[in-house]
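For reference, run.txt is printed below; it contains compact mmCIF, C-alpha atoms.
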# COMPACT_ATOMS: atom_id res chain seq x y z
CA MET C 1 125.65 81.55 109.49
CA THR C 2 122.16 80.10 109.18
CA ASP C 3 120.86 76.90 110.66
CA ASP C 4 118.07 76.74 108.11
CA PRO C 5 118.72 75.23 104.71
CA GLU C 6 115.99 77.30 103.07
CA ALA C 7 117.64 80.70 103.46
CA PRO C 8 116.40 83.05 100.73
CA PRO C 9 118.76 83.08 97.78
CA THR C 10 119.01 86.67 96.59
CA PRO C 11 118.27 90.10 98.09
CA GLU C 12 115.58 90.70 95.43
CA GLU C 13 113.89 87.44 96.25
CA THR C 14 114.12 88.22 99.96
CA LEU C 15 112.50 91.62 99.53
CA ARG C 16 109.76 90.09 97.39
CA LEU C 17 109.20 87.43 100.04
CA ILE C 18 108.84 90.11 102.73
CA GLU C 19 106.43 92.16 100.61
CA ARG C 20 104.33 89.11 99.70
CA GLN C 21 104.13 88.00 103.32
CA GLN C 22 103.16 91.45 104.55
CA ALA C 23 100.51 91.88 101.86
CA ALA C 24 99.04 88.44 102.67
CA THR C 25 98.96 89.28 106.38
CA VAL C 26 97.29 92.65 105.89
CA ARG C 27 94.72 91.04 103.57
CA GLN C 28 93.92 88.33 106.11
CA LEU C 29 93.59 90.78 109.00
CA LYS C 30 91.20 93.01 107.07
CA GLY C 31 88.72 90.17 106.86
CA GLU C 32 86.87 88.61 103.97
CA PRO C 33 85.25 91.27 101.72
CA LEU C 34 82.73 88.71 100.49
CA LEU C 35 81.43 88.47 104.07
CA LEU C 36 81.89 92.08 105.18
CA TYR C 37 80.70 94.07 102.13
CA LEU C 38 78.97 91.83 99.59
CA PRO C 39 75.98 90.80 101.79
CA TRP C 40 75.12 94.46 102.47
CA GLY C 41 75.32 95.30 98.78
CA VAL C 42 73.00 92.42 97.87
CA ALA C 43 70.62 93.22 100.75
CA TRP C 44 70.30 96.87 99.72
CA LEU C 45 69.97 96.04 96.03
CA ILE C 46 67.08 93.67 96.78
CA GLY C 47 65.57 95.57 99.73
CA PHE C 48 65.63 99.07 98.29
CA GLY C 49 64.72 97.56 94.92
CA ALA C 50 61.49 96.36 96.58
CA VAL C 51 60.91 99.81 98.11
CA PHE C 52 61.45 101.35 94.68
CA LEU C 53 58.90 98.97 93.12
CA HIS C 54 56.37 100.16 95.71
CA PHE C 55 56.91 103.89 95.14
CA GLY C 56 57.93 104.07 91.47
CA LEU C 57 59.37 107.30 90.12
CA ASP C 58 56.18 109.30 89.65
CA GLY C 59 54.25 108.19 92.70
CA ARG C 60 52.71 105.18 90.96
CA GLY C 61 54.04 101.82 92.11
CA LEU C 62 55.64 99.51 89.55
CA ALA C 63 54.55 96.29 91.23
CA PRO C 64 51.69 95.26 93.54
CA ILE C 65 53.78 95.37 96.70
CA SER C 66 52.73 97.31 99.82
CA GLN C 67 55.18 99.51 101.72
CA MET C 68 55.08 97.10 104.65
CA GLN C 69 55.94 94.18 102.36
CA ALA C 70 58.76 96.15 100.73
CA VAL C 71 60.17 97.20 104.11
CA GLY C 72 59.79 93.59 105.25
CA VAL C 73 61.93 92.42 102.33
CA LEU C 74 64.51 95.11 103.16
CA GLN C 75 64.59 94.21 106.87
CA GLY C 76 64.85 90.49 106.15
CA ALA C 77 67.68 91.03 103.69
CA GLN C 78 69.50 93.27 106.19
CA VAL C 79 69.15 90.72 109.00
CA LEU C 80 70.71 88.10 106.70
CA ALA C 81 73.49 90.50 105.68
CA GLY C 82 74.10 91.29 109.35
CA ALA C 83 74.46 87.59 110.09
CA PHE C 84 77.06 87.16 107.33
CA ALA C 85 78.93 90.29 108.40
CA GLY C 86 78.78 89.24 112.06
CA PHE C 87 80.31 85.89 111.12
CA GLY C 88 83.04 87.69 109.14
CA ILE C 89 83.77 90.07 112.01
CA ALA C 90 83.84 87.27 114.61
CA ARG C 91 86.24 85.29 112.42
CA ARG C 92 88.48 88.32 111.94
CA SER C 93 88.48 89.28 115.62
CA ARG C 94 89.77 85.84 116.61
CA LEU C 95 93.02 86.49 114.73
CA VAL C 96 94.48 89.34 116.75
CA ARG C 97 94.23 90.84 120.23
CA GLY C 98 95.46 94.16 121.58
CA ASP C 99 94.77 97.64 120.23
CA ALA C 100 93.12 96.14 117.15
CA SER C 101 90.45 94.46 119.30
CA ALA C 102 89.85 97.71 121.21
CA ARG C 103 89.39 99.55 117.92
CA GLY C 104 87.00 96.87 116.71
CA ALA C 105 84.96 97.03 119.93
CA MET C 106 84.75 100.84 119.89
CA THR C 107 83.68 100.80 116.26
CA GLY C 108 81.09 98.11 116.94
CA TYR C 109 79.56 100.00 119.88
CA SER C 110 79.47 103.20 117.82
CA TRP C 111 77.49 101.37 115.12
CA ALA C 112 75.04 100.08 117.72
CA ALA C 113 74.64 103.49 119.39
CA GLY C 114 74.18 105.31 116.08
CA MET C 115 71.63 102.82 114.79
CA ALA C 116 69.73 102.80 118.10
CA LEU C 117 69.41 106.59 118.19
CA MET C 118 68.46 106.66 114.50
CA ILE C 119 65.64 104.17 115.16
CA VAL C 120 64.36 106.17 118.16
CA ILE C 121 64.30 109.40 116.13
CA CYS C 122 62.63 107.78 113.10
CA VAL C 123 60.00 105.93 115.15
CA ARG C 124 59.18 109.14 117.02
CA LEU C 125 58.87 111.27 113.87
CA SER C 126 57.57 108.89 111.21
CA VAL C 127 54.17 108.39 112.92
CA ALA C 128 53.44 112.05 112.19
CA LEU C 129 54.58 111.87 108.55
CA PRO C 130 52.91 110.77 105.30
CA GLU C 131 54.10 107.42 103.91
CA GLU C 132 56.57 108.88 101.42
CA GLU C 133 58.18 111.32 103.85
CA ALA C 134 58.44 108.60 106.48
CA GLN C 135 60.29 106.41 103.96
CA ILE C 136 62.63 109.26 103.05
CA LEU C 137 63.35 109.81 106.75
CA TRP C 138 64.10 106.13 107.49
CA THR C 139 66.30 105.61 104.44
CA GLY C 140 67.99 109.00 104.76
CA ALA C 141 68.77 108.65 108.47
CA SER C 142 69.92 105.02 108.32
CA LEU C 143 72.29 105.73 105.43
CA LEU C 144 73.59 108.79 107.24
CA VAL C 145 74.67 106.49 110.08
CA VAL C 146 76.07 103.90 107.63
CA GLY C 147 78.00 106.48 105.59
CA LEU C 148 79.42 108.28 108.62
CA MET C 149 80.37 105.04 110.36
CA TYR C 150 82.25 103.81 107.29
CA MET C 151 84.07 107.12 106.98
CA MET C 152 84.98 107.21 110.68
CA SER C 153 85.94 103.51 110.79
CA SER C 154 88.23 104.10 107.85
CA ALA C 155 90.15 106.53 110.07
CA ALA C 156 90.62 103.85 112.74
CA TRP C 157 91.94 101.31 110.22
CA LEU C 158 93.46 103.74 107.68
CA GLU C 159 91.36 102.12 104.98
CA TRP C 160 90.79 104.38 101.98
CA PRO C 161 88.27 102.11 100.17
CA MET C 162 86.11 102.14 103.31
CA PHE C 163 86.36 105.94 103.44
CA PHE C 164 85.23 106.34 99.83
CA LEU C 165 82.39 103.84 100.29
CA GLY C 166 81.14 105.94 103.22
CA ALA C 167 81.47 109.20 101.31
CA TRP C 168 79.72 107.64 98.30
CA THR C 169 76.86 106.42 100.51
CA ILE C 170 76.38 109.90 101.98
CA ALA C 171 76.45 111.58 98.54
CA VAL C 172 73.89 109.16 97.09
CA ASP C 173 71.76 109.47 100.22
CA ALA C 174 71.75 113.28 100.04
CA THR C 175 70.73 113.20 96.38
CA GLY C 176 67.99 110.66 97.07
CA VAL C 177 66.53 112.65 99.95
CA MET C 178 66.16 115.67 97.67
CA LEU C 179 64.56 113.68 94.83
CA GLY C 180 61.89 111.77 96.78
CA ALA C 181 61.20 108.26 98.07
CA GLY C 182 61.09 106.46 94.69
CA TRP C 183 64.28 107.98 93.36
CA GLN C 184 65.96 107.59 96.73
CA ALA C 185 65.18 103.86 96.82
CA LEU C 186 66.30 103.41 93.19
CA LEU C 187 69.56 105.32 93.68
CA VAL C 188 70.37 103.55 96.93
CA ALA C 189 69.59 100.12 95.45
CA VAL C 190 71.68 100.63 92.33
CA LEU C 191 74.45 102.99 93.43
CA VAL C 192 74.97 102.08 97.09
CA GLY C 193 73.94 98.41 96.83
CA GLY C 194 75.78 98.07 93.52
CA GLY C 195 78.70 100.08 94.93
CA PHE C 196 79.14 97.70 97.87
CA ILE C 197 78.93 94.67 95.56
CA ALA C 198 81.52 96.18 93.20
CA ALA C 199 83.76 97.18 96.13
CA SER C 200 83.64 93.69 97.64
CA LEU C 201 84.64 92.08 94.34
CA TRP C 202 87.40 94.63 93.76
CA LEU C 203 88.74 94.23 97.31
CA ARG C 204 88.74 90.47 96.85
CA ARG C 205 90.78 90.66 93.66
CA ARG C 206 93.20 93.25 94.99
CA PRO C 207 96.67 91.71 95.53
CA MET U 1 134.32 105.30 98.44
CA THR U 2 133.68 102.69 95.75
CA ALA U 3 131.06 99.96 95.84
CA ASP U 4 133.79 97.31 96.08
CA ALA U 5 135.19 98.86 99.21
CA THR U 6 131.85 98.62 101.04
CA PRO U 7 131.48 95.26 102.71
CA PRO U 8 128.00 93.74 102.51
CA PRO U 9 126.22 94.44 105.77
CA GLU U 10 125.90 91.54 108.15
CA LEU U 11 122.54 89.87 107.96
CA ASP U 12 120.88 88.84 111.20
CA PRO U 13 121.17 85.02 111.20
CA VAL U 14 118.06 84.64 113.37
CA ILE U 15 115.86 86.35 110.78
CA HIS U 16 117.80 85.22 107.72
CA ALA U 17 115.97 81.91 107.55
CA GLN U 18 113.01 81.99 105.23
CA ALA U 19 110.49 80.61 107.71
CA ARG U 20 111.48 83.00 110.50
CA LEU U 21 111.71 85.92 108.10
CA ARG U 22 108.09 85.27 107.10
CA VAL U 23 107.03 85.06 110.77
CA VAL U 24 108.70 88.38 111.58
CA ALA U 25 107.44 90.07 108.37
CA ALA U 26 103.89 88.99 109.19
CA LEU U 27 104.04 90.13 112.83
CA ASN U 28 105.62 93.43 111.81
CA THR U 29 102.36 94.44 110.07
CA LEU U 30 100.57 94.44 113.46
CA GLY U 31 100.42 97.46 115.76
CA ASP U 32 102.99 97.69 118.59
CA ARG U 33 100.66 96.24 121.19
CA ASP U 34 98.83 93.78 118.96
CA GLU U 35 99.40 90.04 119.09
CA MET U 36 98.32 87.33 116.68
CA ALA U 37 96.72 84.08 117.77
CA PHE U 38 98.97 81.07 117.15
CA PRO U 39 96.47 79.19 114.92
CA ALA U 40 95.95 82.31 112.79
CA LEU U 41 99.70 82.70 112.32
CA LYS U 42 100.05 79.00 111.52
CA ASP U 43 97.31 79.16 108.86
CA LEU U 44 98.64 82.40 107.42
CA LEU U 45 102.14 80.97 107.00
CA GLY U 46 100.97 77.51 105.95
CA MET U 47 103.26 75.86 108.52
CA THR U 48 102.63 72.94 110.80
CA ALA U 49 102.16 73.75 114.48
CA GLY U 50 105.38 71.90 115.35
CA ASN U 51 107.45 73.69 112.74
CA LEU U 52 106.09 77.10 113.72
CA SER U 53 106.73 76.37 117.41
CA VAL U 54 110.37 75.57 116.71
CA HIS U 55 110.87 78.83 114.82
CA LEU U 56 108.98 80.84 117.44
CA THR U 57 111.18 79.40 120.18
CA LYS U 58 114.30 80.56 118.31
CA LEU U 59 112.79 84.01 117.84
CA GLU U 60 111.77 84.13 121.49
CA ASP U 61 115.26 83.11 122.60
CA ALA U 62 116.63 86.03 120.58
CA GLY U 63 114.14 88.33 122.31
CA TYR U 64 112.36 89.12 119.03
CA VAL U 65 108.90 87.80 119.86
CA ARG U 66 106.86 87.53 123.05
CA ILE U 67 104.68 84.51 123.45
CA THR U 68 101.71 84.77 125.81
CA LYS U 69 99.76 81.72 126.84
CA THR U 70 96.30 82.50 128.15
CA HIS U 71 92.77 81.13 128.26
CA LYS U 72 89.66 82.15 126.38
CA GLY U 73 86.95 80.57 128.48
CA ARG U 74 88.32 77.07 128.98
CA THR U 75 90.28 76.96 125.74
CA PRO U 76 93.99 77.68 125.99
CA VAL U 77 95.10 80.29 123.45
CA THR U 78 98.62 81.37 122.59
CA TYR U 79 99.33 84.83 121.24
CA VAL U 80 102.49 85.94 119.50
CA GLY U 81 103.69 89.52 119.13
CA LEU U 82 106.84 91.20 117.92
CA THR U 83 108.93 92.86 120.67
CA LYS U 84 110.53 96.29 120.20
CA ARG U 85 113.79 94.48 119.74
CA GLY U 86 112.24 92.23 117.09
CA ARG U 87 110.81 95.19 115.25
CA LEU U 88 114.18 96.91 115.31
CA ALA U 89 115.94 93.75 114.11
CA PHE U 90 113.47 93.42 111.23
CA ASP U 91 113.97 97.07 110.24
CA GLU U 92 117.73 96.60 110.31
CA TYR U 93 117.45 93.38 108.31
CA THR U 94 115.36 95.00 105.55
CA ARG U 95 117.76 97.96 105.51
CA ALA U 96 120.69 95.57 105.15
CA ILE U 97 118.95 93.66 102.35
CA ARG U 98 118.24 96.92 100.51
CA ALA U 99 121.86 97.94 100.96
CA LEU U 100 122.95 94.57 99.53
CA LEU U 101 120.64 95.11 96.60
CA ASP U 102 122.12 98.55 95.92
CA HIS U 103 125.58 97.03 96.33
CA ALA U 104 124.79 94.28 93.82
CA GLY U 105 123.30 96.87 91.50
CA GLY U 106 126.79 98.41 91.21
CA SER U 107 126.12 101.74 92.86
CA SER U 108 129.21 103.90 92.85
Could you quickly redo this structure as structure tokens?
Amino acid sequence: MTDDPEAPPTPEETLRLIERQQAATVRQLKGEPLLLYLPWGVAWLIGFGAVFLHFGLDGRGLAPISQMQAVGVLQGAQVLAGAFAGFGIARRSRLVRGDASARGAMTGYSWAAGMALMIVICVRLSVALPEEEAQILWTGASLLVVGLMYMMSSAAWLEWPMFFLGAWTIAVDATGVMLGAGWQALLVAVLVGGGFIAASLWLRRRP
Amino acid sequence: MTADATPPPELDPVIHAQARLRVVAALNTLGDRDEMAFPALKDLLGMTAGNLSVHLTKLEDAGYVRITKTHKGRTPVTYVGLTKRGRLAFDEYTRAIRALLDHAGGSS
């Protein structure tokens, strides 16, 4: 007996309906990739692109841009990306309450703590370092926090793409640190920035 | 035992209505202690508030969902979560549907 005229017709159709509904729900609860990933990709592509133009690959800059200006571009782009991501996270967190909100809060505070400690360490050490080493330290340490946080957050949400993005970030970061400031900026701009852009588009298209 | 001798399993009439099935399927993706805000559920399912309320009331009467009305600041917010009983009913329903599918497929 059903009191609803629109009972699903066949078992196949019913199963498909269930799967479609569950996939749509999971997608919605994960948040909008174009807000959560794309802005960071664009910010790093532009920001680290500017840092790369300052350093070049052989120690000679490719454009008349000072380190302060390049870092300014990077910071500005990251602030904008943070605003987009913050909007995406706020929108997502309104959907559900319970353990999911606790996980979100713990992850958020971990980001803040990691970034705060990273800044303290870099500020303390970079004053004693030459320009290039200071840049390597800032980029290397900040991406260490980013990569680790993505990998650890993936464990909280069981999100494999997030895990691989984090691992990718750490691998590129490690390579960049060994190669020097110019290469580091270029690799991070293209491979991490580009990686986040590609991931956001792929996540968006995923059924 | 032949396929013909196996009667199709009874399908839970509360869930076996497309709208309520979608509600339960959506809520089943949440963690045990997670609840979805009413407007989010309404948008996700593309239902009107009135329509969704009617279906939620039926699900609540069956003990499948818990509806919590609370306040966020001054704004009233309603959250909906699947109860243990609702989760169990959904699991049994999907099992029954799969059994029907096997049955229709002529398993012997």
Counting all atoms listed in the file, which residues of chain U sit at most 8 Å from some atom of chain C, and what is each one's closest atom pair with its distance in Å to one decimal, listed by chain and rising residue number, as a tab-separated table?
residue	atom	partner	partner_atom	distance
U:Pro13	CA	C:Thr2	CA	5.4
U:Val14	CA	C:Thr2	CA	7.4
U:His16	CA	C:Ala7	CA	6.2
U:Ala17	CA	C:Ala7	CA	4.6
U:Gln18	CA	C:Ala7	CA	5.1
U:Ala19	CA	C:Glu6	CA	7.9
U:Leu21	CA	C:Ile18	CA	7.4
U:Arg22	CA	C:Gln21	CA	6.1
U:Ala25	CA	C:Ile18	CA	5.8
U:Ala26	CA	C:Gln22	CA	5.3
U:Asn28	CA	C:Gln22	CA	7.9
U:Thr29	CA	C:Gln22	CA	6.3
U:Gly31	CA	C:Asp99	CA	7.2
U:Arg33	CA	C:Gly98	CA	5.6
U:Asp34	CA	C:Gly98	CA	4.3
U:Glu35	CA	C:Arg97	CA	5.4
U:Met36	CA	C:Val96	CA	4.3
U:Ala37	CA	C:Leu95	CA	5.4
U:Ala40	CA	C:Leu95	CA	5.5
U:Leu44	CA	C:Thr25	CA	7.0
U:Tyr79	CA	C:Arg97	CA	7.9
U:Thr94	CA	C:Leu15	CA	7.5
U:Ile97	CA	C:Pro11	CA	5.6
U:Arg98	CA	C:Pro11	CA	7.2
U:Leu100	CA	C:Pro11	CA	6.6
U:Leu101	CA	C:Pro11	CA	5.7
Nearest to U:Tyr64, chosen from U:Val23, U:Leu52, U:Leu11, U:Ala99, with only C-alpha atoms counted in the distances: U:Val23
Atomic distance atom CA of C:Gly114 - atom CA of C:Ala134, expressed in Å with one decimal: 18.7 Å
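Taking atom CA of C:Thr175 and atom CA of C:Gln135 as the two end points, the separation is 14.6 Å.
One finds atom CA of U:Phe38 at 9.8 Å from atom CA of U:Thr68.
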Pick from C:Ala70, C:Ile121, C:Leu129, C:Leu143, whichever lies nearest to C:His54 using all atoms listed in the file: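 Checking each of C:Ala70, C:Ile121, C:Leu129, C:Leu143 against C:His54, counting all atoms listed in the file, the winner is C:Ala70.
Remark: for C:Gln67, the closest of the candidate residues C:Ala90, C:Val177, C:Ala141, C:Val51 is C:Val51 (distances computed over all atoms listed in the file).
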Surrounding residues of C:Gly49 excluding itself and chain neighbours under 4 positions, 7 Å, only C-alpha atoms, as a ChimeraX atom specification: /C:45,53,185-186,189
Take stretch 66-77 of chain U, model all heavy atoms, and hand the result over as a short mmCIF file (atom, residue, chain, number, x, y, z; two decimals), in the frame of the given file.
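Listed below is the output, result19.cif:
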data_model
loop_
_atom_site.label_atom_id
_atom_site.label_comp_id
_atom_site.auth_asym_id
_atom_site.auth_seq_id
_atom_site.Cartn_x
_atom_site.Cartn_y
_atom_site.Cartn_z
N ARG U 66 107.35 87.92 121.71
CA ARG U 66 106.86 87.53 123.05
C ARG U 66 105.69 86.59 122.82
O ARG U 66 104.84 86.80 121.95
CB ARG U 66 106.46 88.76 123.87
CG ARG U 66 105.38 89.58 123.24
CD ARG U 66 104.88 90.69 124.14
NE ARG U 66 103.84 91.38 123.37
CZ ARG U 66 104.08 92.34 122.48
NH1 ARG U 66 105.33 92.75 122.26
NH2 ARG U 66 103.10 92.89 121.79
N ILE U 67 105.71 85.53 123.59
CA ILE U 67 104.68 84.51 123.45
C ILE U 67 103.87 84.49 124.74
O ILE U 67 104.43 84.33 125.83
CB ILE U 67 105.31 83.13 123.17
CG1 ILE U 67 106.04 83.19 121.82
CG2 ILE U 67 104.26 82.03 123.15
CD1 ILE U 67 106.88 81.99 121.51
N THR U 68 102.56 84.71 124.63
CA THR U 68 101.71 84.77 125.81
C THR U 68 100.71 83.63 125.75
O THR U 68 99.96 83.51 124.78
CB THR U 68 100.93 86.10 125.84
OG1 THR U 68 101.82 87.15 125.46
CG2 THR U 68 100.36 86.38 127.20
N LYS U 69 100.75 82.80 126.78
CA LYS U 69 99.76 81.72 126.84
C LYS U 69 98.65 82.15 127.80
O LYS U 69 98.92 82.56 128.92
CB LYS U 69 100.42 80.43 127.33
CG LYS U 69 101.40 79.85 126.33
CD LYS U 69 101.98 78.56 126.86
CE LYS U 69 103.23 78.12 126.14
NZ LYS U 69 103.10 77.83 124.75
N THR U 70 97.41 82.06 127.32
CA THR U 70 96.30 82.50 128.15
C THR U 70 95.10 81.58 127.90
O THR U 70 95.23 80.56 127.23
CB THR U 70 95.96 83.98 127.87
OG1 THR U 70 94.83 84.35 128.64
CG2 THR U 70 95.65 84.22 126.41
N HIS U 71 93.97 81.94 128.46
CA HIS U 71 92.77 81.13 128.26
C HIS U 71 91.63 82.01 127.77
O HIS U 71 91.46 83.13 128.22
CB HIS U 71 92.35 80.45 129.57
CG HIS U 71 93.16 79.25 129.88
ND1 HIS U 71 94.41 79.32 130.45
CD2 HIS U 71 92.92 77.93 129.67
CE1 HIS U 71 94.90 78.11 130.58
NE2 HIS U 71 94.02 77.23 130.12
N LYS U 72 90.88 81.49 126.82
CA LYS U 72 89.66 82.15 126.38
C LYS U 72 88.54 81.20 126.80
O LYS U 72 88.33 80.18 126.16
CB LYS U 72 89.68 82.34 124.86
CG LYS U 72 89.05 83.64 124.41
CD LYS U 72 89.28 83.84 122.93
CE LYS U 72 89.04 85.29 122.56
NZ LYS U 72 89.37 85.54 121.16
N GLY U 73 87.86 81.53 127.90
CA GLY U 73 86.95 80.57 128.48
C GLY U 73 87.78 79.42 129.01
O GLY U 73 88.70 79.63 129.81
N ARG U 74 87.53 78.21 128.52
CA ARG U 74 88.32 77.07 128.98
C ARG U 74 89.40 76.69 127.98
O ARG U 74 90.22 75.82 128.25
CB ARG U 74 87.39 75.87 129.19
CG ARG U 74 86.56 75.99 130.44
CD ARG U 74 85.77 74.74 130.62
NE ARG U 74 85.22 74.64 131.96
CZ ARG U 74 84.65 73.54 132.41
NH1 ARG U 74 84.57 72.48 131.65
NH2 ARG U 74 84.14 73.52 133.62
N THR U 75 89.34 77.34 126.79
CA THR U 75 90.28 76.96 125.74
C THR U 75 91.59 77.71 125.91
O THR U 75 91.60 78.93 126.01
CB THR U 75 89.69 77.32 124.36
OG1 THR U 75 88.29 77.15 124.41
CG2 THR U 75 90.31 76.52 123.25
N PRO U 76 92.70 76.99 125.93
CA PRO U 76 93.99 77.68 125.99
C PRO U 76 94.31 78.34 124.64
O PRO U 76 94.08 77.73 123.59
CB PRO U 76 94.98 76.56 126.30
CG PRO U 76 94.30 75.29 125.95
CD PRO U 76 92.83 75.53 125.92
N VAL U 77 94.73 79.59 124.68
CA VAL U 77 95.10 80.29 123.45
C VAL U 77 96.50 80.87 123.62
O VAL U 77 96.84 81.37 124.70
CB VAL U 77 94.15 81.48 123.14
CG1 VAL U 77 94.19 81.81 121.67
CG2 VAL U 77 92.75 81.22 123.60
#
